[in-house]
Each structure stands twice: as C-alpha cells, then as structure tokens.
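As provided, target_4.cif (mmCIF, N, CA and C atoms) reads as follows.
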data_model
loop_
_atom_site.group_PDB
_atom_site.id
_atom_site.type_symbol
_atom_site.label_atom_id
_atom_site.label_comp_id
_atom_site.auth_asym_id
_atom_site.auth_seq_id
_atom_site.Cartn_x
_atom_site.Cartn_y
_atom_site.Cartn_z
ATOM 1 N N MET M 1 -1.681 81.974 50.709
ATOM 2 C CA MET M 1 -1.541 80.827 49.848
ATOM 3 C C MET M 1 -0.833 81.256 48.574
ATOM 4 N N ARG M 2 0.116 80.423 48.161
ATOM 5 C CA ARG M 2 0.882 80.753 46.967
ATOM 6 C C ARG M 2 0.128 80.366 45.719
ATOM 7 N N LYS M 3 0.333 81.164 44.727
ATOM 8 C CA LYS M 3 -0.274 80.903 43.430
ATOM 9 C C LYS M 3 0.623 79.916 42.669
ATOM 10 N N PRO M 4 0.051 78.906 42.005
ATOM 11 C CA PRO M 4 0.896 77.977 41.234
ATOM 12 C C PRO M 4 1.645 78.725 40.141
ATOM 13 N N THR M 5 2.885 78.340 39.954
ATOM 14 C CA THR M 5 3.723 79.046 38.977
ATOM 15 C C THR M 5 3.450 78.590 37.558
ATOM 16 N N GLY M 6 2.952 77.388 37.381
ATOM 17 C CA GLY M 6 2.675 76.906 36.041
ATOM 18 C C GLY M 6 3.890 76.374 35.328
ATOM 19 N N ARG M 7 5.041 76.373 35.992
ATOM 20 C CA ARG M 7 6.255 75.844 35.393
ATOM 21 C C ARG M 7 6.351 74.360 35.704
ATOM 22 N N PRO M 8 6.546 73.528 34.708
ATOM 23 C CA PRO M 8 6.645 72.095 34.984
ATOM 24 C C PRO M 8 7.936 71.772 35.724
ATOM 25 N N GLY M 9 7.862 70.791 36.595
ATOM 26 C CA GLY M 9 9.049 70.351 37.311
ATOM 27 C C GLY M 9 9.322 71.112 38.582
ATOM 28 N N ARG M 10 8.501 72.060 38.917
ATOM 29 C CA ARG M 10 8.708 72.815 40.147
ATOM 30 C C ARG M 10 7.542 72.582 41.089
ATOM 31 N N ARG M 11 7.862 72.530 42.377
ATOM 32 C CA ARG M 11 6.820 72.373 43.378
ATOM 33 C C ARG M 11 6.563 73.717 44.030
ATOM 34 N N GLN M 12 5.377 73.847 44.592
ATOM 35 C CA GLN M 12 5.063 75.093 45.286
ATOM 36 C C GLN M 12 5.883 75.191 46.555
ATOM 37 N N GLY M 13 6.383 76.354 46.821
ATOM 38 C CA GLY M 13 7.041 76.612 48.089
ATOM 39 C C GLY M 13 8.541 76.447 48.089
ATOM 40 N N ASP M 14 9.106 75.691 47.176
ATOM 41 C CA ASP M 14 10.559 75.589 47.151
ATOM 42 C C ASP M 14 11.037 75.549 45.706
ATOM 43 N N GLU M 15 12.323 75.593 45.546
ATOM 44 C CA GLU M 15 12.899 75.711 44.210
ATOM 45 C C GLU M 15 13.620 74.437 43.782
ATOM 46 N N THR M 16 13.171 73.270 44.230
ATOM 47 C CA THR M 16 13.834 72.039 43.810
ATOM 48 C C THR M 16 13.292 71.597 42.464
ATOM 49 N N MET M 17 14.191 71.098 41.628
ATOM 50 C CA MET M 17 13.799 70.636 40.307
ATOM 51 C C MET M 17 13.807 69.118 40.289
ATOM 52 N N GLN M 18 12.928 68.548 39.504
ATOM 53 C CA GLN M 18 12.899 67.107 39.355
ATOM 54 C C GLN M 18 14.045 66.679 38.444
ATOM 55 N N PRO M 19 14.590 65.493 38.689
ATOM 56 C CA PRO M 19 15.660 65.033 37.804
ATOM 57 C C PRO M 19 15.115 64.749 36.412
ATOM 58 N N PRO M 20 15.965 64.825 35.397
ATOM 59 C CA PRO M 20 15.496 64.560 34.037
ATOM 60 C C PRO M 20 15.049 63.110 33.897
ATOM 61 N N THR M 21 14.103 62.883 33.016
ATOM 62 C CA THR M 21 13.555 61.543 32.847
ATOM 63 C C THR M 21 14.455 60.663 31.985
ATOM 64 N N ARG M 22 15.203 61.253 31.064
ATOM 65 C CA ARG M 22 16.065 60.472 30.198
ATOM 66 C C ARG M 22 17.522 60.650 30.612
ATOM 67 N N PRO M 23 18.329 59.600 30.509
ATOM 68 C CA PRO M 23 19.760 59.762 30.797
ATOM 69 C C PRO M 23 20.451 60.541 29.689
ATOM 70 N N ALA M 24 21.615 61.050 30.014
ATOM 71 C CA ALA M 24 22.389 61.795 29.016
ATOM 72 C C ALA M 24 22.906 60.841 27.948
ATOM 73 N N PRO M 25 22.941 61.262 26.697
ATOM 74 C CA PRO M 25 23.473 60.389 25.648
ATOM 75 C C PRO M 25 24.975 60.159 25.824
ATOM 76 N N TRP M 26 25.459 59.084 25.262
ATOM 77 C CA TRP M 26 26.871 58.736 25.418
ATOM 78 C C TRP M 26 27.780 59.784 24.798
ATOM 79 N N ILE M 27 27.327 60.440 23.750
ATOM 80 C CA ILE M 27 28.157 61.455 23.103
ATOM 81 C C ILE M 27 28.372 62.655 24.028
ATOM 82 N N ALA M 28 27.370 62.956 24.862
ATOM 83 C CA ALA M 28 27.509 64.071 25.804
ATOM 84 C C ALA M 28 28.553 63.747 26.865
ATOM 85 N N ARG M 29 28.598 62.488 27.295
ATOM 86 C CA ARG M 29 29.593 62.091 28.293
ATOM 87 C C ARG M 29 31.004 62.092 27.716
ATOM 88 N N SER M 30 31.136 61.720 26.436
ATOM 89 C CA SER M 30 32.471 61.632 25.857
ATOM 90 C C SER M 30 33.011 62.991 25.400
ATOM 91 N N VAL M 31 32.124 63.916 25.067
ATOM 92 C CA VAL M 31 32.571 65.217 24.561
ATOM 93 C C VAL M 31 32.810 66.216 25.695
ATOM 94 N N SER M 32 32.026 66.146 26.738
ATOM 95 C CA SER M 32 32.126 67.159 27.786
ATOM 96 C C SER M 32 33.152 66.761 28.847
ATOM 97 N N THR M 33 33.729 67.770 29.445
ATOM 98 C CA THR M 33 34.656 67.581 30.561
ATOM 99 C C THR M 33 34.046 68.234 31.794
ATOM 100 N N GLU M 34 34.705 68.073 32.916
ATOM 101 C CA GLU M 34 34.207 68.696 34.151
ATOM 102 C C GLU M 34 34.219 70.218 34.020
ATOM 103 N N PHE M 35 35.257 70.755 33.390
ATOM 104 C CA PHE M 35 35.320 72.198 33.157
ATOM 105 C C PHE M 35 34.169 72.647 32.267
ATOM 106 N N GLY M 36 33.891 71.889 31.215
ATOM 107 C CA GLY M 36 32.817 72.239 30.299
ATOM 108 C C GLY M 36 31.448 72.188 30.946
ATOM 109 N N ARG M 37 31.280 71.298 31.934
ATOM 110 C CA ARG M 37 29.993 71.220 32.638
ATOM 111 C C ARG M 37 29.804 72.393 33.591
ATOM 112 N N ARG M 38 30.898 72.894 34.127
ATOM 113 C CA ARG M 38 30.787 74.048 35.026
ATOM 114 C C ARG M 38 30.596 75.352 34.261
ATOM 115 N N HIS M 39 31.201 75.452 33.091
ATOM 116 C CA HIS M 39 31.193 76.699 32.314
ATOM 117 C C HIS M 39 30.522 76.471 30.965
ATOM 118 N N VAL M 40 29.264 76.098 30.990
ATOM 119 C CA VAL M 40 28.553 75.729 29.761
ATOM 120 C C VAL M 40 28.441 76.909 28.803
ATOM 121 N N LYS M 41 28.117 78.067 29.323
ATOM 122 C CA LYS M 41 27.916 79.221 28.450
ATOM 123 C C LYS M 41 29.222 79.647 27.770
ATOM 124 N N GLY M 42 30.311 79.673 28.499
ATOM 125 C CA GLY M 42 31.596 80.053 27.926
ATOM 126 C C GLY M 42 32.086 79.067 26.880
ATOM 127 N N VAL M 43 31.895 77.775 27.153
ATOM 128 C CA VAL M 43 32.302 76.753 26.191
ATOM 129 C C VAL M 43 31.421 76.827 24.945
ATOM 130 N N ALA M 44 30.132 77.101 25.111
ATOM 131 C CA ALA M 44 29.233 77.218 23.959
ATOM 132 C C ALA M 44 29.619 78.409 23.083
ATOM 133 N N ILE M 45 29.978 79.518 23.698
ATOM 134 C CA ILE M 45 30.404 80.689 22.927
ATOM 135 C C ILE M 45 31.709 80.399 22.192
ATOM 136 N N THR M 46 32.629 79.704 22.850
ATOM 137 C CA THR M 46 33.889 79.349 22.207
ATOM 138 C C THR M 46 33.653 78.410 21.026
ATOM 139 N N ARG M 47 32.756 77.434 21.207
ATOM 140 C CA ARG M 47 32.431 76.537 20.096
ATOM 141 C C ARG M 47 31.806 77.303 18.934
ATOM 142 N N LEU M 48 30.969 78.282 19.239
ATOM 143 C CA LEU M 48 30.361 79.106 18.197
ATOM 144 C C LEU M 48 31.424 79.885 17.429
ATOM 145 N N LEU M 49 32.376 80.466 18.128
ATOM 146 C CA LEU M 49 33.439 81.225 17.465
ATOM 147 C C LEU M 49 34.324 80.328 16.609
ATOM 148 N N VAL M 50 34.616 79.127 17.092
ATOM 149 C CA VAL M 50 35.419 78.180 16.309
ATOM 150 C C VAL M 50 34.654 77.753 15.063
ATOM 151 N N ALA M 51 33.351 77.559 15.184
ATOM 152 C CA ALA M 51 32.543 77.182 14.025
ATOM 153 C C ALA M 51 32.526 78.297 12.983
ATOM 154 N N ILE M 52 32.414 79.529 13.431
ATOM 155 C CA ILE M 52 32.439 80.664 12.508
ATOM 156 C C ILE M 52 33.788 80.742 11.800
ATOM 157 N N ALA M 53 34.874 80.517 12.539
ATOM 158 C CA ALA M 53 36.205 80.547 11.933
ATOM 159 C C ALA M 53 36.375 79.417 10.922
ATOM 160 N N ALA M 54 35.858 78.226 11.229
ATOM 161 C CA ALA M 54 35.979 77.096 10.303
ATOM 162 C C ALA M 54 35.176 77.340 9.025
ATOM 163 N N VAL M 55 33.992 77.899 9.157
ATOM 164 C CA VAL M 55 33.183 78.207 7.967
ATOM 165 C C VAL M 55 33.860 79.287 7.129
ATOM 166 N N THR M 56 34.404 80.298 7.779
ATOM 167 C CA THR M 56 35.096 81.368 7.055
ATOM 168 C C THR M 56 36.315 80.827 6.314
ATOM 169 N N LEU M 57 37.115 80.028 7.004
ATOM 170 C CA LEU M 57 38.307 79.467 6.376
ATOM 171 C C LEU M 57 37.940 78.502 5.255
ATOM 172 N N GLY M 58 36.936 77.671 5.476
ATOM 173 C CA GLY M 58 36.482 76.756 4.427
ATOM 174 C C GLY M 58 35.955 77.496 3.222
ATOM 175 N N SER M 59 35.234 78.589 3.457
ATOM 176 C CA SER M 59 34.716 79.386 2.339
ATOM 177 C C SER M 59 35.847 80.036 1.550
ATOM 178 N N ILE M 60 36.863 80.515 2.247
ATOM 179 C CA ILE M 60 38.009 81.128 1.564
ATOM 180 C C ILE M 60 38.712 80.102 0.694
ATOM 181 N N PHE M 61 38.892 78.884 1.223
ATOM 182 C CA PHE M 61 39.532 77.834 0.424
ATOM 183 C C PHE M 61 38.684 77.457 -0.775
ATOM 184 N N CYS M 62 37.366 77.362 -0.593
ATOM 185 C CA CYS M 62 36.488 76.991 -1.713
ATOM 186 C C CYS M 62 36.476 78.071 -2.790
ATOM 187 N N VAL M 63 36.491 79.333 -2.397
ATOM 188 C CA VAL M 63 36.488 80.431 -3.371
ATOM 189 C C VAL M 63 37.793 80.454 -4.159
ATOM 190 N N SER M 64 38.899 80.093 -3.516
ATOM 191 C CA SER M 64 40.179 80.102 -4.214
ATOM 192 C C SER M 64 40.390 78.856 -5.067
ATOM 193 N N GLY M 65 39.411 77.951 -5.104
ATOM 194 C CA GLY M 65 39.494 76.800 -5.995
ATOM 195 C C GLY M 65 39.964 75.521 -5.328
ATOM 196 N N GLN M 66 40.233 75.545 -4.061
ATOM 197 C CA GLN M 66 40.667 74.348 -3.344
ATOM 198 C C GLN M 66 39.441 73.761 -2.641
ATOM 199 N N TRP M 67 38.819 72.775 -3.273
ATOM 200 C CA TRP M 67 37.526 72.279 -2.812
ATOM 201 C C TRP M 67 37.611 71.416 -1.571
ATOM 202 N N TRP M 68 38.808 71.040 -1.151
ATOM 203 C CA TRP M 68 38.919 70.305 0.099
ATOM 204 C C TRP M 68 38.539 71.194 1.288
ATOM 205 N N GLY M 69 38.456 72.487 1.076
ATOM 206 C CA GLY M 69 38.037 73.406 2.140
ATOM 207 C C GLY M 69 36.612 73.156 2.594
ATOM 208 N N ALA M 70 35.821 72.493 1.736
ATOM 209 C CA ALA M 70 34.446 72.160 2.134
ATOM 210 C C ALA M 70 34.427 71.155 3.280
ATOM 211 N N LEU M 71 35.523 70.416 3.458
ATOM 212 C CA LEU M 71 35.598 69.471 4.578
ATOM 213 C C LEU M 71 35.600 70.183 5.933
ATOM 214 N N LEU M 72 35.944 71.456 5.952
ATOM 215 C CA LEU M 72 35.928 72.210 7.213
ATOM 216 C C LEU M 72 34.513 72.523 7.683
ATOM 217 N N PHE M 73 33.533 72.340 6.809
ATOM 218 C CA PHE M 73 32.148 72.583 7.210
ATOM 219 C C PHE M 73 31.640 71.506 8.167
ATOM 220 N N VAL M 74 32.206 70.323 8.090
ATOM 221 C CA VAL M 74 31.771 69.227 8.972
ATOM 222 C C VAL M 74 32.106 69.521 10.438
ATOM 223 N N PRO M 75 33.368 69.862 10.783
ATOM 224 C CA PRO M 75 33.620 70.188 12.188
ATOM 225 C C PRO M 75 32.881 71.452 12.646
ATOM 226 N N ALA M 76 32.635 72.360 11.711
ATOM 227 C CA ALA M 76 31.870 73.552 12.082
ATOM 228 C C ALA M 76 30.448 73.174 12.472
ATOM 229 N N ALA M 77 29.836 72.282 11.698
ATOM 230 C CA ALA M 77 28.477 71.847 12.027
ATOM 231 C C ALA M 77 28.444 71.082 13.343
ATOM 232 N N LEU M 78 29.437 70.249 13.594
ATOM 233 C CA LEU M 78 29.489 69.517 14.869
ATOM 234 C C LEU M 78 29.651 70.468 16.050
ATOM 235 N N ASN M 79 30.500 71.469 15.895
ATOM 236 C CA ASN M 79 30.667 72.444 16.975
ATOM 237 C C ASN M 79 29.374 73.197 17.245
ATOM 238 N N LEU M 80 28.666 73.578 16.203
ATOM 239 C CA LEU M 80 27.383 74.257 16.399
ATOM 240 C C LEU M 80 26.364 73.342 17.074
ATOM 241 N N TRP M 81 26.352 72.079 16.690
ATOM 242 C CA TRP M 81 25.416 71.128 17.275
ATOM 243 C C TRP M 81 25.690 70.938 18.765
ATOM 244 N N PHE M 82 26.963 70.772 19.132
ATOM 245 C CA PHE M 82 27.301 70.616 20.547
ATOM 246 C C PHE M 82 27.038 71.892 21.329
ATOM 247 N N ALA M 83 27.298 73.038 20.739
ATOM 248 C CA ALA M 83 27.040 74.298 21.433
ATOM 249 C C ALA M 83 25.553 74.479 21.692
ATOM 250 N N TYR M 84 24.722 73.999 20.781
ATOM 251 C CA TYR M 84 23.275 74.127 20.937
ATOM 252 C C TYR M 84 22.717 73.135 21.961
ATOM 253 N N LEU M 85 23.199 71.904 21.939
ATOM 254 C CA LEU M 85 22.607 70.868 22.783
ATOM 255 C C LEU M 85 23.235 70.722 24.163
ATOM 256 N N MET M 86 24.434 71.217 24.379
ATOM 257 C CA MET M 86 25.099 70.997 25.661
ATOM 258 C C MET M 86 24.354 71.602 26.849
ATOM 259 N N PRO M 87 23.747 72.779 26.754
ATOM 260 C CA PRO M 87 22.989 73.268 27.914
ATOM 261 C C PRO M 87 21.833 72.347 28.306
ATOM 262 N N SER M 88 21.196 71.705 27.350
ATOM 263 C CA SER M 88 20.110 70.796 27.703
ATOM 264 C C SER M 88 20.644 69.472 28.240
ATOM 265 N N TRP M 89 21.843 69.068 27.815
ATOM 266 C CA TRP M 89 22.446 67.844 28.336
ATOM 267 C C TRP M 89 23.035 68.044 29.716
ATOM 268 N N LYS M 90 23.297 69.291 30.100
ATOM 269 C CA LYS M 90 23.963 69.564 31.380
ATOM 270 C C LYS M 90 23.162 69.045 32.563
ATOM 271 N N ARG M 91 21.842 69.231 32.541
ATOM 272 C CA ARG M 91 21.018 68.753 33.653
ATOM 273 C C ARG M 91 21.104 67.252 33.807
ATOM 274 N N ALA M 92 21.049 66.530 32.705
ATOM 275 C CA ALA M 92 21.123 65.069 32.777
ATOM 276 C C ALA M 92 22.505 64.612 33.254
ATOM 277 N N LEU M 93 23.552 65.285 32.812
ATOM 278 C CA LEU M 93 24.891 64.930 33.250
ATOM 279 C C LEU M 93 25.092 65.227 34.734
ATOM 280 N N ASP M 94 24.547 66.347 35.202
ATOM 281 C CA ASP M 94 24.650 66.680 36.622
ATOM 282 C C ASP M 94 23.876 65.687 37.483
ATOM 283 N N ALA M 95 22.718 65.246 37.013
ATOM 284 C CA ALA M 95 21.931 64.272 37.759
ATOM 285 C C ALA M 95 22.652 62.928 37.831
ATOM 286 N N GLU M 96 23.315 62.538 36.757
ATOM 287 C CA GLU M 96 24.055 61.275 36.759
ATOM 288 C C GLU M 96 25.253 61.342 37.684
ATOM 289 N N SER M 97 25.955 62.460 37.727
ATOM 290 C CA SER M 97 27.122 62.572 38.591
ATOM 291 C C SER M 97 26.741 62.721 40.053
ATOM 292 N N ALA M 98 25.531 63.188 40.356
ATOM 293 C CA ALA M 98 25.093 63.353 41.739
ATOM 294 C C ALA M 98 24.638 62.043 42.358
ATOM 295 N N GLN M 99 24.238 61.071 41.529
ATOM 296 C CA GLN M 99 23.784 59.788 42.058
ATOM 297 C C GLN M 99 24.986 58.977 42.525
ATOM 298 N N PRO M 100 24.842 58.251 43.656
ATOM 299 C CA PRO M 100 25.971 57.459 44.164
ATOM 300 C C PRO M 100 26.242 56.219 43.338
#

Rewrite the structure of this file - the entire thing - as structure tokens.
Amino acid sequence: MRKPTGRPGRRQGDETMQPPTRPAPWIARSVSTEFGRRHVKGVAITRLLVAIAAVTLGSIFCVSGQWWGALLFVPAALNLWFAYLMPSWKRALDAESAQP
C-alpha cells in the first residue's frame, strides 16, 4: 500500500494533476506567446536581465541629472512582475488551451 504523499492536487498511484480552479487572467493571455509558454524559465531569466539593465540605465540617467531616467523603472518593475508570475500562470494557460 502506498503512503499518501501529502501534496495537494495529486492522487495516489499516478501523477495526474488537477486543473487550476481559476482561469488565467487576461493580462497573461495578452503578454505570453506560445514560445513563452514552452520556455517559461528562459523567458523569465531574460525578463530579469532586461529589468536589471533598465534599472541600471535609469539609475545612470538619474545620477547624471536627467530625471526622466526614472521612467525606466516602470518597465523594469513590469518585467519583474511578469517574470515572477508567469510560471504560476502557465498551468492555467495550458489548461485553457487543452480544453476543446
């Protein structure tokens, strides 16, 4: 007899996962592409690197006295937010695309 794993969403004896209870938000559908859904980790790392570059460039502009460089912090924050949330949205997006 198998011991229960204690992981929610898994049944004893097989590795099938239950579909997510909430649908994916509209922003996840509009921001992600098919390539991004297949390569979530690579896209997240790329978004992280772009965010670091935007913060660095914005900081350089702000230090040199050009305060419009602070506007680069907004896309950096959005990139970090999408990089953080896209792995959790991937399951919901995959479940929606699998349904007929």

Fill in the blank from the handout: Nearest to M:Trp81, restricted to only N, CA and C atoms and choosing among M:Arg47, M:Ala53, M:Arg29, M:Val40, comes out as M:Arg47

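The gap separating atom CA of M:Arg37 from atom C of M:Pro87 is 9.3 Å, in Å to one decimal.
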
Practice task
Please provide the set of residues having any atom within 9 Å of M:Trp67, restricted to only C-alpha atoms, with same-chain residues fewer than 5 positions apart removed, written as a ChimeraX atom specification.
Solution key: /M:58,61-62

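Atom N of M:Arg22 is found 11.2 Å from atom C of M:Lys90.
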
Exercise for the section: Could you check which of M:Gly36, M:Ile52, M:Gly42, M:Pro23 is closest to M:Ala77, using all atoms listed in the file? Expected result: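 Among the listed residues, M:Ile52 lies closest to M:Ala77.
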
Handout entry: Among the residues M:Ser30, M:Phe82, M:Val55, M:Ala24, the one that comes closest to M:Gly69 [using only C-alpha atoms]
Key =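 Under the stated criterion, the closest residue is M:Val55.
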
Exercise for the section: Measure the distance from atom CA of M:Thr46 to atom CA of M:Ser59 in Å and round it to one decimal. Expected result: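 Atom CA of M:Ser59 lies 19.9 Å from atom CA of M:Thr46.
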
Handout entry: Counting only N, CA and C atoms, the residue of M:Leu80, M:Ile60, M:Met86, M:Ala98 that sits nearest M:Ala28
Key = M:Met86

Practice task
Could you tell me which of M:Leu85, M:Ala70, M:Val31, M:Leu93 comes closest to M:Leu57 if we count all atoms listed in the file?
Solution key: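 Using all atoms listed in the file, M:Leu57 sits closest to M:Ala70.
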
Practice task
Give me the residues within 10 Å of M:Tyr84 as a count of residues only, counting only C-alpha atoms and dropping any in the same chain fewer than 5 places off.
Solution key: 7

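For the choices M:Val63, M:Ala51, M:Ala95, M:Ile27, the atom-to-atom distance to M:Ala76 is smallest for M:Ala51 when using only C-alpha atoms.
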
Specify the axis-aligned box that encloses all atoms of stretch 63-82 of chain M listed in the file after padding of 4 Å on each side, stating its centre and edge lengths in Å to one decimal as AutoDock Vina command-line options.
--center_x 33.0 --center_y 74.8 --center_z 7.7 --size_x 23.3 --size_y 19.2 --size_z 35.3

Exercise for the section: Write out as JSON, numbers by chain all residues of stretch 17-63 of chain M that backbone DSSP assigns to helix (DSSP H, G or I). Expected result: {"M": [26, 27, 28, 29, 30, 31, 34, 35, 36, 37, 38, 40, 41, 42, 43, 44, 45, 46, 47, 48, 49, 50, 51, 52, 53, 54, 55, 56, 57, 58, 59, 60, 61, 62, 63]}
